[in-house]
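Raw contents of input.tsv, TSV, C-alpha atoms:
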```
chain	number	residue	atom	x	y	z
A	1	MET	CA	-30.61	-35.85	51.65
A	2	ILE	CA	-27.54	-34.35	49.97
A	3	GLU	CA	-25.12	-32.76	52.38
A	4	ASN	CA	-24.17	-29.16	51.74
A	5	ARG	CA	-20.60	-30.06	52.66
A	6	ILE	CA	-20.19	-31.71	49.25
A	7	PHE	CA	-20.83	-28.43	47.47
A	8	GLU	CA	-18.86	-26.46	50.00
A	9	ASP	CA	-15.85	-28.66	49.22
A	10	LEU	CA	-16.39	-28.13	45.49
A	11	GLN	CA	-16.57	-24.36	46.01
A	12	ALA	CA	-13.34	-24.48	47.98
A	13	LYS	CA	-11.64	-26.25	45.05
A	14	ILE	CA	-13.08	-23.71	42.59
A	15	ASP	CA	-11.80	-20.85	44.74
A	16	GLU	CA	-8.37	-22.49	44.97
A	17	GLU	CA	-8.13	-22.84	41.18
A	18	ALA	CA	-9.27	-19.24	40.70
A	19	ALA	CA	-6.58	-18.03	43.10
A	20	VAL	CA	-3.92	-19.93	41.13
A	21	ARG	CA	-5.13	-18.46	37.84
A	22	ASP	CA	-5.17	-14.96	39.33
A	23	GLU	CA	-1.58	-15.36	40.55
A	24	LEU	CA	-0.48	-16.62	37.12
A	25	HIS	CA	-2.41	-13.86	35.32
A	26	ASP	CA	-0.64	-11.17	37.36
A	27	ILE	CA	2.76	-12.47	36.25
A	28	VAL	CA	1.65	-12.97	32.65
A	29	GLN	CA	0.31	-9.41	32.47
A	30	THR	CA	3.73	-8.08	33.45
A	31	LEU	CA	5.31	-10.39	30.87
A	32	ALA	CA	2.87	-9.06	28.26
A	33	ARG	CA	3.65	-5.42	29.06
A	34	ARG	CA	7.35	-6.03	28.68
A	35	GLY	CA	6.61	-8.03	25.54
A	36	ARG	CA	4.88	-5.06	23.95
A	37	SER	CA	7.91	-2.93	24.78
A	38	THR	CA	10.21	-5.51	23.18
A	39	GLN	CA	8.07	-5.64	20.04
A	40	ALA	CA	8.01	-1.85	19.82
A	41	ILE	CA	11.81	-1.76	19.97
A	42	LEU	CA	12.24	-4.53	17.38
A	43	SER	CA	9.79	-2.76	15.06
A	44	ARG	CA	12.41	-0.02	14.72
A	45	ALA	CA	14.38	-2.49	12.61
A	46	HIS	CA	11.87	-1.86	9.82
A	47	SER	CA	13.10	1.72	9.45
A	48	THR	CA	16.72	1.38	10.59
A	49	PRO	CA	19.63	0.65	8.21
A	50	ARG	CA	21.57	-2.49	9.09
A	51	ASN	CA	24.71	-0.58	10.00
A	52	GLN	CA	22.72	1.32	12.64
A	53	LEU	CA	20.93	-1.67	14.20
A	54	LYS	CA	23.27	-2.22	17.15
A	55	PRO	CA	21.48	0.18	19.57
A	56	VAL	CA	18.11	-1.36	18.60
A	57	LEU	CA	19.39	-4.87	19.32
A	58	GLU	CA	20.94	-3.77	22.62
A	59	ASP	CA	17.66	-2.19	23.73
A	60	ALA	CA	15.70	-5.26	22.64
A	61	THR	CA	18.10	-7.57	24.48
A	62	ARG	CA	17.64	-5.61	27.72
A	63	GLU	CA	13.86	-5.98	27.47
A	64	ILE	CA	14.13	-9.66	26.59
A	65	LEU	CA	16.34	-10.25	29.64
A	66	ALA	CA	13.74	-8.47	31.78
A	67	GLN	CA	11.10	-10.82	30.35
A	68	LYS	CA	13.36	-13.74	31.16
A	69	GLN	CA	13.08	-12.77	34.84
A	70	GLU	CA	9.29	-12.78	34.56
A	71	VAL	CA	9.42	-16.24	33.00
A	72	GLN	CA	11.39	-17.44	36.03
A	73	ALA	CA	8.72	-15.99	38.32
A	74	LEU	CA	6.07	-17.71	36.21
A	75	LYS	CA	7.93	-21.01	36.36
A	76	ALA	CA	8.21	-20.82	40.15
A	77	VAL	CA	4.41	-20.65	40.47
A	78	ALA	CA	3.49	-22.93	37.56
A	79	ASP	CA	5.73	-25.76	38.74
A	80	LYS	CA	3.46	-26.20	41.77
A	81	HIS	CA	0.46	-27.06	39.60
A	82	PRO	CA	-0.50	-29.38	36.69
A	83	PHE	CA	1.11	-27.99	33.53
A	84	TYR	CA	-1.62	-28.56	30.95
A	85	LYS	CA	-4.34	-27.38	33.32
A	86	TYR	CA	-2.91	-23.85	33.35
A	87	ASN	CA	-0.73	-23.74	30.22
A	88	GLY	CA	-3.37	-21.70	28.37
A	89	VAL	CA	-2.80	-18.78	30.74
A	90	TRP	CA	0.73	-18.07	29.51
A	91	THR	CA	1.23	-19.88	26.19
A	92	ARG	CA	0.50	-16.86	23.95
A	93	GLU	CA	2.92	-14.58	25.78
A	94	LEU	CA	5.60	-17.26	25.90
A	95	GLN	CA	5.25	-17.72	22.13
A	96	ASN	CA	5.54	-13.96	21.64
A	97	LEU	CA	8.70	-13.88	23.74
A	98	VAL	CA	10.31	-16.75	21.83
A	99	SER	CA	9.39	-15.06	18.54
A	100	ALA	CA	11.06	-11.84	19.76
A	101	ILE	CA	14.14	-13.81	20.80
A	102	GLU	CA	14.31	-15.43	17.36
A	103	LEU	CA	13.86	-12.14	15.51
A	104	CYS	CA	16.49	-10.43	17.65
A	105	ALA	CA	18.88	-13.34	17.00
A	106	TRP	CA	18.20	-13.28	13.25
A	107	LEU	CA	18.90	-9.54	13.12
A	108	GLY	CA	22.30	-10.14	14.70
A	109	GLY	CA	21.62	-10.02	18.43
A	110	LEU	CA	22.06	-12.68	21.13
A	111	GLU	CA	25.15	-14.01	19.35
A	112	GLU	CA	26.54	-15.65	22.49
A	113	TYR	CA	23.51	-17.94	22.71
A	114	LYS	CA	23.74	-19.39	19.19
A	115	SER	CA	25.38	-22.72	18.42
A	116	SER	CA	27.66	-21.01	15.90
A	117	GLY	CA	28.40	-17.55	14.56
A	118	SER	CA	26.76	-18.46	11.26
A	119	ALA	CA	23.47	-19.60	12.83
A	120	SER	CA	20.55	-17.33	11.95
A	121	PHE	CA	18.20	-18.47	14.73
A	122	LEU	CA	18.16	-20.40	17.99
A	123	THR	CA	17.19	-24.05	18.28
A	124	ILE	CA	14.56	-25.01	20.84
A	125	GLU	CA	17.33	-26.27	23.12
A	126	GLU	CA	19.18	-22.95	22.83
A	127	VAL	CA	16.00	-21.00	23.62
A	128	GLY	CA	15.44	-23.21	26.66
A	129	LYS	CA	19.02	-22.67	27.81
A	130	PHE	CA	18.70	-18.91	27.31
A	131	LEU	CA	15.44	-18.70	29.29
A	132	ASP	CA	16.66	-21.31	31.78
A	133	ILE	CA	13.56	-23.46	31.37
A	134	PRO	CA	13.08	-27.08	30.27
A	135	VAL	CA	11.86	-27.87	26.77
A	136	ASN	CA	9.57	-30.64	25.51
A	137	LEU	CA	9.13	-32.44	28.82
A	138	LYS	CA	7.45	-35.84	28.53
A	139	GLU	CA	8.07	-37.64	31.80
A	140	GLN	CA	7.60	-34.69	34.15
A	141	ASP	CA	4.54	-32.49	34.77
A	142	ALA	CA	6.33	-29.16	35.10
A	143	PHE	CA	6.63	-25.81	33.38
A	144	HIS	CA	8.40	-26.02	30.01
A	145	LEU	CA	8.51	-24.75	26.45
A	146	THR	CA	6.60	-27.11	24.16
A	147	ILE	CA	7.57	-27.95	20.59
A	148	GLU	CA	4.26	-26.48	19.40
A	149	GLU	CA	4.96	-23.16	21.15
A	150	TYR	CA	8.44	-23.04	19.63
A	151	LEU	CA	7.20	-23.75	16.10
A	152	LEU	CA	4.40	-21.19	16.37
A	153	ALA	CA	6.99	-18.63	17.49
A	154	LEU	CA	9.11	-19.39	14.41
A	155	ILE	CA	6.07	-18.89	12.18
A	156	SER	CA	5.42	-15.48	13.76
A	157	MET	CA	9.06	-14.58	13.17
A	158	VAL	CA	8.73	-15.54	9.49
A	159	GLU	CA	5.67	-13.29	9.13
A	160	GLU	CA	7.63	-10.41	10.64
A	161	LEU	CA	10.56	-11.05	8.30
A	162	SER	CA	8.28	-10.92	5.28
A	163	ARG	CA	7.27	-7.40	6.39
A	164	LEU	CA	10.91	-6.53	6.89
A	165	ALA	CA	11.68	-7.57	3.30
A	166	VAL	CA	9.23	-4.99	1.99
A	167	ASN	CA	10.33	-2.25	4.38
A	168	SER	CA	14.01	-2.87	3.67
A	169	VAL	CA	13.45	-1.84	0.09
A	170	THR	CA	11.94	1.48	1.18
A	171	ILE	CA	15.15	2.36	3.03
A	172	GLY	CA	17.36	1.29	0.13
A	173	ASP	CA	18.56	-2.08	1.46
A	174	TYR	CA	18.17	-4.31	-1.60
A	175	ASP	CA	20.29	-7.15	-0.27
A	176	ARG	CA	18.20	-7.96	2.80
A	177	PRO	CA	15.14	-9.25	0.86
A	178	LEU	CA	17.44	-11.81	-0.79
A	179	GLN	CA	18.74	-12.87	2.60
A	180	ILE	CA	15.22	-13.14	4.01
A	181	SER	CA	13.98	-15.03	0.95
A	182	GLN	CA	16.64	-17.72	1.27
A	183	PHE	CA	16.12	-18.07	5.02
A	184	ILE	CA	12.34	-18.46	4.98
A	185	LYS	CA	12.54	-20.84	2.00
A	186	ASP	CA	14.91	-23.03	3.99
A	187	LEU	CA	12.66	-22.81	7.05
A	188	PHE	CA	9.60	-23.66	4.97
A	189	SER	CA	11.40	-26.73	3.63
A	190	GLY	CA	12.03	-27.79	7.20
A	191	PHE	CA	8.37	-27.35	8.15
A	192	GLN	CA	7.33	-29.49	5.19
A	193	LEU	CA	9.21	-32.41	6.73
A	194	LEU	CA	6.97	-32.26	9.81
A	195	ASN	CA	3.82	-34.36	10.21
A	196	LEU	CA	1.84	-31.91	12.30
A	197	LYS	CA	-1.13	-33.14	14.35
A	198	ASN	CA	-1.97	-29.82	16.01
A	199	ASP	CA	-4.70	-28.13	13.92
A	200	ILE	CA	-3.69	-24.58	14.78
A	201	LEU	CA	-0.03	-25.30	14.11
A	202	ARG	CA	-0.83	-27.02	10.81
A	203	LYS	CA	-2.93	-24.07	9.60
A	204	ARG	CA	-0.34	-21.50	10.70
A	205	SER	CA	2.50	-23.45	9.06
A	206	ASP	CA	0.55	-23.58	5.79
A	207	GLY	CA	0.66	-19.78	5.87
A	208	ILE	CA	4.45	-19.75	5.58
A	209	LYS	CA	4.11	-20.29	1.85
A	210	TYR	CA	2.32	-16.94	1.57
A	211	SER	CA	5.23	-15.26	3.33
A	212	VAL	CA	7.60	-17.00	0.91
A	213	LYS	CA	5.53	-15.78	-2.04
A	214	LYS	CA	5.40	-12.23	-0.64
A	215	VAL	CA	9.18	-12.05	-0.37
A	216	GLU	CA	9.68	-13.71	-3.76
A	217	ASP	CA	7.55	-10.95	-5.28
A	218	VAL	CA	9.79	-8.34	-3.65
A	219	VAL	CA	12.91	-10.04	-5.02
A	220	TYR	CA	11.34	-10.38	-8.48
A	221	ASP	CA	10.46	-6.69	-8.51
A	222	LEU	CA	14.03	-5.82	-7.55
A	223	SER	CA	15.37	-8.00	-10.36
A	224	LEU	CA	13.12	-6.28	-12.91
A	225	ARG	CA	14.49	-2.93	-11.76
A	226	ASN	CA	18.09	-4.22	-11.84
A	227	LEU	CA	18.44	-3.43	-8.15
A	228	ILE	CA	19.71	-6.82	-6.99
A	229	PRO	CA	23.29	-6.46	-5.71
A	230	LYS	CA	25.99	-8.28	-7.69
A	231	GLY	CA	26.32	-11.87	-6.57
A	232	GLY	CA	22.83	-11.80	-5.01
A	233	ALA	CA	20.60	-14.79	-5.44
A	234	ALA	CA	17.08	-15.55	-4.28
```
Show the structure stored in the file as structure tokens.
Amino acid sequence: MIENRIFEDLQAKIDEEAAVRDELHDIVQTLARRGRSTQAILSRAHSTPRNQLKPVLEDATREILAQKQEVQALKAVADKHPFYKYNGVWTRELQNLVSAIELCAWLGGLEEYKSSGSASFLTIEEVGKFLDIPVNLKEQDAFHLTIEEYLLALISMVEELSRLAVNSVTIGDYDRPLQISQFIKDLFSGFQLLNLKNDILRKRSDGIKYSVKKVEDVVYDLSLRNLIPKGGAA
């Protein structure tokens, strides 16, 4: 005869795991709400001239710093449990946050966290330092930012920049599409050096070439209309 205690123990473990997920979900939902606020602020860059971007970047930085606090709360809970068992709960929102950080940095914000004044985005180590979390842990089962999450965030940033190239033209900024074109071409070249095993990451990275083509079309149209600033180059 099978003892009921066996199933009672299993139910206790199920309940314990559900409680952990609920605790993580509560934190992630707050992170997501702040993330939507950050994205709404950064979207103003699509209709704001570059010389008026400072207030947008300051507002975005405040929201990003608030999200950083939520990440610390998330880390405090997640570190008590196996990383890859619960990573799916927060990975999307962490990617969104890193993408927002990268876009804010590319637009001219978060200067103090870049390796140099000429850097256009943050390395994975710089993102980890900014958020005060480990990156790419291999020997330790603890909360961290994975390489895959970082790369997916960069891809999302590229997609947003391709939109910005189009919208910059509508507000009369004909230089920015050239700047975006060169940046995403360089980034695409970097991605081509990677031998990606993750199916989702490989498919998403293949999409960068469509962003490159989209921006190239914008630049080509500007050149046909003789609207490319002197000294500009795609």
Find the residues of segment 91-139 of chain A that sit at most 12 Å from segment 174-195 of chain A; for each, write down the nearest two atoms and how far apart they are in Å, to one decimal. Count only C-alpha atoms. Sort by chain, then by number going up, and give it as CSV.
```
residue,atom,partner,partner_atom,distance
A:Leu103,CA,A:Ile180,CA,11.6
A:Trp106,CA,A:Ile180,CA,9.7
A:Leu107,CA,A:Arg176,CA,10.5
A:Ala119,CA,A:Phe183,CA,10.8
A:Ser120,CA,A:Phe183,CA,8.3
A:Phe121,CA,A:Phe183,CA,9.9
```
Residues just named, written with C-alpha atoms as a PDB file, keeping the file's coordinate frame:
```pdb
ATOM      1  CA  LEU A 103      13.860 -12.140  15.510  1.00  0.00           C
ATOM      2  CA  TRP A 106      18.200 -13.280  13.250  1.00  0.00           C
ATOM      3  CA  LEU A 107      18.900  -9.540  13.120  1.00  0.00           C
ATOM      4  CA  ALA A 119      23.470 -19.600  12.830  1.00  0.00           C
ATOM      5  CA  SER A 120      20.550 -17.330  11.950  1.00  0.00           C
ATOM      6  CA  PHE A 121      18.200 -18.470  14.730  1.00  0.00           C
TER       7      PHE A 121
END
```
_Just the number, please: distance in Å from atom CA of Lys209 of chain A to atom CA of Leu151 of chain A, one decimal._
15.0 Å
*Taking into account all atoms listed in the file, which residue in the set A:Leu42, A:Ala105, A:Val28, A:Met157 is nearest to Ala78 of chain A?*
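Smallest separation from Ala78 of chain A among the options: A:Val28.
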*Gap from atom CA of Gln140 of chain A to atom CA of Ile200 of chain A - Å, one decimal*: 24.6 Å
_atom CA of Ile147 of chain A to atom CA of Leu94 of chain A, straight-line distance in Å_ =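 Going from atom CA of Leu94 of chain A over to atom CA of Ile147 of chain A, I get 12.1 Å.
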Centre, x/y/z edge lengths, axis-aligned box for segment 224-229 of chain A with 3 Å per side, as JSON:
```
{"center_x": 18.2, "center_y": -4.9, "center_z": -9.3, "size_x": 16.2, "size_y": 9.9, "size_z": 13.2}
```
*Pick from A:Asn87, A:Ser162, A:Thr61, A:Thr170, whichever lies nearest to Lys75 of chain A using all atoms listed in the file*: A:Asn87
_Proximity to Trp90 of chain A - best of A:Leu145, A:Ala45, A:Ile64, A:Val135, only C-alpha atoms_ =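 Closest residue, counting only C-alpha atoms: A:Leu145.
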*Contacts of Val166 of chain A at 12 Å or less, counting only C-alpha atoms, minus same-chain residues fewer than 5 places along, as an MDAnalysis selection string?*
chainID A and resid 46:47 159:161 171:178 180:181 211 214:222
_List as number ranges by chain the residues having at least one atom at most 10 Å from position (7.7, -20.4, 16.0) as given in the file, counting only C-alpha atoms._
A: 95-96, 98-100, 102, 124, 147-158, 201, 204-205
*asked:* What's around Val71 of chain A at 9 Å? Count only C-alpha atoms, leave out sequence neighbours fewer than 5 positions away in its own chain, and write the answer as a ChimeraX atom specification.
replied: /A:27-28,31,66,76,94,131-133
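Of the listed residues A:Ser43, A:Asn136, A:Gln29, A:Ser37, the one whose atoms come nearest to Leu74 of chain A is A:Gln29, with distances taken using all atoms listed in the file.
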